[in-house]
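Novice: One structure, as C-alpha cells, below. Some questions next.
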Amino acid sequence: MNETLLDNYRRGGFVQRLPFGRRPALVVIDFVKAYVVEGSPLYGGDGCLAAQRGAVALLAAARAAGIPVVHTNVAFQPGGRDGGVFFRKVPALACFEAGRHPEYAAFADGLEPAAGETVITKQYASAFFGTTLAPTLTALGVDTVLIAGVSTSGCIRASAVDCCQHGFVPLVVRDAVGDRAPGPHEANLFDLQA
C-alpha cells in the first residue's frame with residue numbers, strides 16, 4: 001500500500017478540526033527573555049524571535065477584543081527541588097532558579113502582562129499541571145484557548161494536550177509559537193492538529 005501520510009491520517013479520522021467556541025481566552029506560555037536573548041542557555045534563535053513578533057500582534061488583538069489574557073512563567077526554588085525530574089532532565093532550567101538570572105526570567109519585550117491580566121507561575125512543561133489555570137479559565141466561562149509562546153515541542157505541546165484534556169478547545173496559533181529548529185516545530189504543529 002503506497003498511501004501518503006495525509007491519506008493515512010485522513011483514513012484514521014485525524015484530520016478533523018474542532019470548531020471554535022464562543023468564549024476564548026489567550027494563554028501566553030513562558031514568553032520570557034530566556035528564549036529571545038542571545039547568551040541565555042534557552043535561547044531559541046530565529047524561531048523564537050519570529051514567534052515573539054507574532055505573539056506581540058496576537059496579544060494586542062486579544063486586548064483590543066477584550067478577551068481574557070493569562071501569562072505563564074517558570075520559577076524554581078534555589079536548587080530546583082520543586083522542579084523534580086523535569087529540572088534534572090533540562091539543566092538549562094536552572095536559569096529560572098529564584099534570584100539566579102532575573103534578566104532571563106523577565107517577560108519578553110512587548111509581552112509583559114498588563115494590569116488585570118493573570119500570571120501563573122509553573123514548574124513543569126504544561127501550563128495546566130499543578131497550577132490554577134484550568135479553574136481560572138472555567139471561572140471566566142472560557143471554552144476555547146488561543147495558545148502562544150515557547151517552545152512548540154515542549155511547553156506548547158504539553159499545554160495544548162492538557163488543554164483538550166481539561167475540556168477546552170486548544171488553538172495553537174502558528175505565528176505566535178516558536179522553537180529552536182523548524183523540524184521539531186513543524187512536526188509538533190502537525191501532530192497537535194492530528
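Naming works like this for the C-alpha cells: A, B, ... for the chains as they're shown, residue 1 at the start of each chain, ligands 1 onward in shown order.
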Identify, with DSSP run on backbone atoms, the residues in stretch 3-113 of chain A assigned to strand (DSSP E or B), and express the list as a PyMOL selection string.
Specialist: chain A and resi 24-29+32+69-74+76+97+107
Novice: Using only C-alpha atoms, determine which residues lie at most 10 Å from A:Ile29, disregarding the query and same-chain residues fewer than 2 positions distant; provide the list as a list of chain:residue names.
Specialist: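 Neighbouring residues, sequence-local ones excluded: A:Leu26, A:Val27, A:Phe31, A:Val32, A:Val70, A:His71, A:Thr72, A:Asn73, A:Val74, A:Val119, A:Ile120, A:Lys122, A:Ala125, A:Ser126, A:Ala127, A:Ile147, A:Ala148, A:Gly149, A:Val150, A:Ser151, A:Cys155, A:Ile156, A:Ser159, A:Val177.
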Novice: Restricting the calculation to only C-alpha atoms: of A:Arg157, A:Gln165, A:Pro170, A:Val142, which residue gets closest to A:Asn188?
Specialist: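 Among A:Arg157, A:Gln165, A:Pro170, A:Val142, it is A:Arg157 that comes nearest to A:Asn188.
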Novice: Counting only C-alpha atoms, which of A:Gly167, A:Gly79, A:Pro184, A:Gly54 gets nearest to A:Gly21?
Specialist: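 The shortest atom-to-atom distance to A:Gly21 comes from A:Gly167.
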Novice: Any idea what the distance is between atom CA of A:Phe87 and atom CA of A:Ala105?
Specialist: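 Between these atoms lies a distance of 15.4 Å.
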Novice: Using only C-alpha atoms, which protein or nucleic acid residues come within 7 Å of A:Ala106? Drop anything in the same chain fewer than 3 positions from it, and give the result as JSON, numbers by chain.
Specialist: {"A": [32, 33, 102, 103]}
Novice: Generate the output file for the selected residues, C-alpha atoms, as a PDB file, in the first residue's frame.
Specialist:
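As written to disk, selection-v9.pdb reads:
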```pdb
ATOM      1  CA  VAL A  32      10.330  35.344  28.796  1.00  0.00           C
ATOM      2  CA  LYS A  33      13.673  36.803  27.767  1.00  0.00           C
ATOM      3  CA  PRO A 102      16.303  37.725  36.780  1.00  0.00           C
ATOM      4  CA  GLU A 103      17.261  39.138  33.368  1.00  0.00           C
TER       5      GLU A 103
END
```
Novice: Listing only residues of stretch 105-165 of chain A within 12 Å of stretch 61-64 of chain A, what is the closest atom pair and its distance in Å (to one decimal) for each, using only C-alpha atoms, sorted by chain and residue number ascending, as a tab-separated table?
Specialist:
```
residue	atom	partner	partner_atom	distance
A:Leu111	CA	A:Arg63	CA	11.7
A:Pro113	CA	A:Arg63	CA	10.8
A:Ala114	CA	A:Arg63	CA	9.4
A:Ala115	CA	A:Arg63	CA	11.3
A:Gly116	CA	A:Arg63	CA	11.0
A:Glu117	CA	A:Arg63	CA	9.8
A:Val145	CA	A:Ala62	CA	11.5
A:Leu146	CA	A:Ala62	CA	9.5
A:Ile147	CA	A:Ala62	CA	11.5
A:Ala148	CA	A:Ala62	CA	11.5
```
Novice: I'd like to know which of A:Ala94, A:Ala194, A:Ala181, A:Tyr35 is closest to A:Asn8, using only C-alpha atoms.
Specialist: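 Looking only at the distances to A:Asn8, the closest residue turns out to be A:Ala194.
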Novice: Compare A:Ala65, A:Ala55, A:Val15, A:Cys95 by their minimum atom-to-atom distance to A:Leu42, counting only C-alpha atoms, and give me the closest one.
Specialist: A:Cys95
Novice: Take atom CA of A:Val69 and atom CA of A:Thr152 and report the distance between them in Å, one decimal.
Specialist: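 Distance between the two atoms: 19.2 Å.
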Novice: Grab the atom CA of A:Arg180 to atom CA of A:Cys48 distance for me, in Å with one decimal place.
Specialist: 6.7 Å
Novice: Could you pull out all residues of stretch 11-134 of chain A with a DSSP call of helix (DSSP H, G or I) and give them as a PyMOL selection string?
Specialist: chain A and resi 11-12+33-35+45-65+81-89+91-96+102-105+133-134
